[in-house]
Amino acid sequence: VRFSVVSLFPEIVRSFFETSIMARAVERGLVDVDYVNPRDFARDRHKKVDDEIFGGGAGMLMKVQTLKDALDSIDAKGKRVVYVSPSGRLFNQDYAHRLSREKELVLICGRYEGIDQRIIDEYVSDEISIGDYVLSSGETAALVVIDAVYRLVEGVIKGESLEEESFSSGLLEYPQYTRPAVYDSMAAPEVLLSGHHANIVAWRLRERVKKTLAYRPELLAGDALDARVLKILHTLLSEGE
Ligand code: SAH
């Protein structure tokens, strides 16, 4: 997948592409990135990229001309163009899966009060919110989308690591432990050291259901609950946990 990041502050995004798993994905040619800065398309000597908002109200807006020229410079029209915005559709793992199938993704990072609606109407295919809170900048939101998407691209991460993680089957992930088995008198659950595969699988599923029930009960309200999950749920509820 190729990400084109439209941003006034590309340095915020750049380090992510140069680090760890992402750096390796770029090196292996699975991921590619380029940056377009609307400021490079400003025509006045102050390199202005924002302006006051029609109808009044506090703050400034990213204006049309610089953003449009930036988008045209990468032929964004007709491509999958994401604008990260608190008033967008809510992002989730399914959405990330869908975006991970694209060959090319353009991401517009907003600043100030956001961007002129005409850019959204003309260029944006996906207006996406990463959650019900307001950030000061689109760069951090775009990084969230990029991170969730690129790791699903074939070959970036081993398939089995993706299978059991949170949301993969409508449940949150089970608690995990690593060596040593006891640290400062804090012991890892014995079952995990038992080598008894079936017991471990059962323990993990039970823990997933328990955690989901405690933190995100609405996830369990979904349509097709697995029979095993349902059984655990019944036991937990009758135990009063
Ligand atoms: N005036 C806007 C907030 C602008 S925040 C409003 O009230 O809706 C500035 C920029 O941060 C936005 O243009 C957007 O790109 C980004 N941003 C802020 N919160 C976000 C969120 N929850 N999801 C995605 N992007 C967000």
# chains A, B, ... in the order shown; residues from 1 in each chain; ligands from 1
>>> residues_around(residues="Met22 in chain A", least_positions_apart="4", cutoff="10 Å", atoms="only C-alpha atoms", output="PyMOL selection string")
chain A and resi 15-18+26-28+30-32+147+150-151+156
>>> residues_around(residues="His97 in chain A", least_positions_apart="5", cutoff="9 Å", atoms="only C-alpha atoms", output="PyMOL selection string")
chain A and resi 92+148-149+152-153
>>> write_last_selection(atoms="all heavy atoms", output="short mmCIF file (atom, residue, chain, number, x, y, z; two decimals), in the first residue's frame")
data_model
loop_
_atom_site.label_atom_id
_atom_site.label_comp_id
_atom_site.auth_asym_id
_atom_site.auth_seq_id
_atom_site.Cartn_x
_atom_site.Cartn_y
_atom_site.Cartn_z
N ASN A 92 -12.88 1.73 12.92
CA ASN A 92 -12.74 0.51 13.72
C ASN A 92 -11.95 -0.53 12.93
O ASN A 92 -11.48 -0.27 11.83
CB ASN A 92 -14.11 -0.02 14.17
CG ASN A 92 -14.98 -0.40 12.99
OD1 ASN A 92 -14.50 -0.61 11.87
ND2 ASN A 92 -16.27 -0.50 13.23
N ALA A 148 -3.14 1.17 12.03
CA ALA A 148 -4.14 0.09 12.03
C ALA A 148 -4.21 -0.60 10.67
O ALA A 148 -4.45 -1.80 10.59
CB ALA A 148 -5.52 0.65 12.41
N VAL A 149 -3.98 0.16 9.60
CA VAL A 149 -4.13 -0.38 8.24
C VAL A 149 -2.90 -1.16 7.78
O VAL A 149 -3.01 -2.29 7.32
CB VAL A 149 -4.43 0.76 7.23
CG1 VAL A 149 -4.29 0.27 5.79
CG2 VAL A 149 -5.84 1.32 7.46
N LEU A 152 -2.16 -4.81 8.62
CA LEU A 152 -3.04 -5.83 8.05
C LEU A 152 -2.65 -6.18 6.61
O LEU A 152 -3.18 -7.11 6.02
CB LEU A 152 -4.50 -5.34 8.07
CG LEU A 152 -5.08 -5.07 9.47
CD1 LEU A 152 -6.47 -4.45 9.35
CD2 LEU A 152 -5.13 -6.36 10.28
N VAL A 153 -1.73 -5.40 6.06
CA VAL A 153 -1.29 -5.68 4.70
C VAL A 153 -0.52 -7.00 4.68
O VAL A 153 0.33 -7.24 5.53
CB VAL A 153 -0.39 -4.52 4.17
CG1 VAL A 153 0.29 -4.91 2.86
CG2 VAL A 153 -1.21 -3.25 4.01
#
>>> select_by_dssp(residues="range 9-193 of chain A", states="alpha helix (DSSP H)", output="VMD selection string")
chain A and resid 10 to 17 20 to 27 64 to 73 93 to 99 117 to 123 138 to 150 159 to 163
>>> residues_near_ligand(ligand="ligand 1", cutoff="12 Å", atoms="only C-alpha atoms and all ligand atoms", output="PyMOL selection string")
chain A and resi 5-8+50+53+57-63+82-92+107-117+120+126-145
>>> residues_around(residues="range 168-185 of chain A", least_positions_apart="4", cutoff="6 Å", atoms="only C-alpha atoms", output="VMD selection string")
chain A and resid 204 207 to 208 212
>>> write_last_selection(atoms="N, CA, C and O atoms", output="mmCIF file, in the first residue's frame")
data_model
loop_
_atom_site.group_PDB
_atom_site.id
_atom_site.type_symbol
_atom_site.label_atom_id
_atom_site.label_comp_id
_atom_site.auth_asym_id
_atom_site.auth_seq_id
_atom_site.Cartn_x
_atom_site.Cartn_y
_atom_site.Cartn_z
ATOM 1 N N ARG A 204 -7.915 -19.107 28.193
ATOM 2 C CA ARG A 204 -7.814 -17.866 27.410
ATOM 3 C C ARG A 204 -9.175 -17.379 26.940
ATOM 4 O O ARG A 204 -9.467 -16.182 27.003
ATOM 5 N N GLU A 207 -11.025 -15.877 29.827
ATOM 6 C CA GLU A 207 -10.478 -14.563 30.173
ATOM 7 C C GLU A 207 -10.912 -13.494 29.163
ATOM 8 O O GLU A 207 -11.162 -12.349 29.517
ATOM 9 N N ARG A 208 -10.970 -13.886 27.906
ATOM 10 C CA ARG A 208 -11.408 -12.930 26.868
ATOM 11 C C ARG A 208 -12.842 -12.496 27.137
ATOM 12 O O ARG A 208 -13.161 -11.304 27.071
ATOM 13 N N THR A 212 -14.042 -8.748 28.185
ATOM 14 C CA THR A 212 -14.971 -8.050 27.306
ATOM 15 C C THR A 212 -16.222 -7.641 28.075
ATOM 16 O O THR A 212 -16.725 -6.527 27.926
#
>>> select_by_dssp(residues="range 64-101 of chain A", states="strand (DSSP E)", output="PyMOL selection string")
chain A and resi 81-90
>>> write_last_selection(atoms="N, CA and C atoms", output="PDB file, in the first residue's frame")
ATOM      1  N   VAL A  81      -9.471   8.833  -0.753  1.00  0.00           N
ATOM      2  CA  VAL A  81      -8.918   9.962  -0.006  1.00  0.00           C
ATOM      3  C   VAL A  81      -9.592  10.037   1.358  1.00  0.00           C
ATOM      4  N   VAL A  82      -8.795   9.888   2.392  1.00  0.00           N
ATOM      5  CA  VAL A  82      -9.293   9.920   3.765  1.00  0.00           C
ATOM      6  C   VAL A  82      -9.046  11.301   4.356  1.00  0.00           C
ATOM      7  N   TYR A  83     -10.099  11.899   4.930  1.00  0.00           N
ATOM      8  CA  TYR A  83      -9.881  13.088   5.754  1.00  0.00           C
ATOM      9  C   TYR A  83     -10.185  12.686   7.191  1.00  0.00           C
ATOM     10  N   VAL A  84      -9.182  12.777   8.054  1.00  0.00           N
ATOM     11  CA  VAL A  84      -9.417  12.459   9.467  1.00  0.00           C
ATOM     12  C   VAL A  84     -10.042  13.671  10.142  1.00  0.00           C
ATOM     13  N   SER A  85     -11.177  13.430  10.795  1.00  0.00           N
ATOM     14  CA  SER A  85     -11.972  14.536  11.312  1.00  0.00           C
ATOM     15  C   SER A  85     -12.882  14.055  12.437  1.00  0.00           C
ATOM     16  N   PRO A  86     -13.031  14.865  13.499  1.00  0.00           N
ATOM     17  CA  PRO A  86     -13.893  14.403  14.594  1.00  0.00           C
ATOM     18  C   PRO A  86     -15.347  14.248  14.165  1.00  0.00           C
ATOM     19  N   SER A  87     -15.729  14.855  13.035  1.00  0.00           N
ATOM     20  CA  SER A  87     -17.123  14.669  12.619  1.00  0.00           C
ATOM     21  C   SER A  87     -17.260  13.629  11.505  1.00  0.00           C
ATOM     22  N   GLY A  88     -16.297  12.718  11.429  1.00  0.00           N
ATOM     23  CA  GLY A  88     -16.368  11.659  10.426  1.00  0.00           C
ATOM     24  C   GLY A  88     -17.077  10.406  10.925  1.00  0.00           C
ATOM     25  N   ARG A  89     -17.075   9.366  10.076  1.00  0.00           N
ATOM     26  CA  ARG A  89     -17.578   8.052  10.485  1.00  0.00           C
ATOM     27  C   ARG A  89     -16.561   7.430  11.430  1.00  0.00           C
ATOM     28  N   LEU A  90     -17.057   6.678  12.415  1.00  0.00           N
ATOM     29  CA  LEU A  90     -16.176   6.119  13.428  1.00  0.00           C
ATOM     30  C   LEU A  90     -15.297   4.998  12.864  1.00  0.00           C
TER      31      LEU A  90
END
>>> atom_distance(atom1="CA of Gly222 in chain A", atom2="CA of Ala96 in chain A")
19.1 Å
>>> closest_residue(among="A:Phe9, A:Phe3, A:Trp203, A:Tyr215", to="Glu102 in chain A", atoms="only C-alpha atoms")
A:Phe3
>>> atom_distance(atom1="CA of Phe167 in chain A", atom2="CA of Lys231 in chain A")
19.3 Å
>>> residues_around(residues="range 65-67 of chain A", least_positions_apart="4", cutoff="6 Å", atoms="only C-alpha atoms", output="count of residues only")
3
>>> atom_distance(atom1="CA of Ser4 in chain A", atom2="CA of Tyr35 in chain A")
5.7 Å
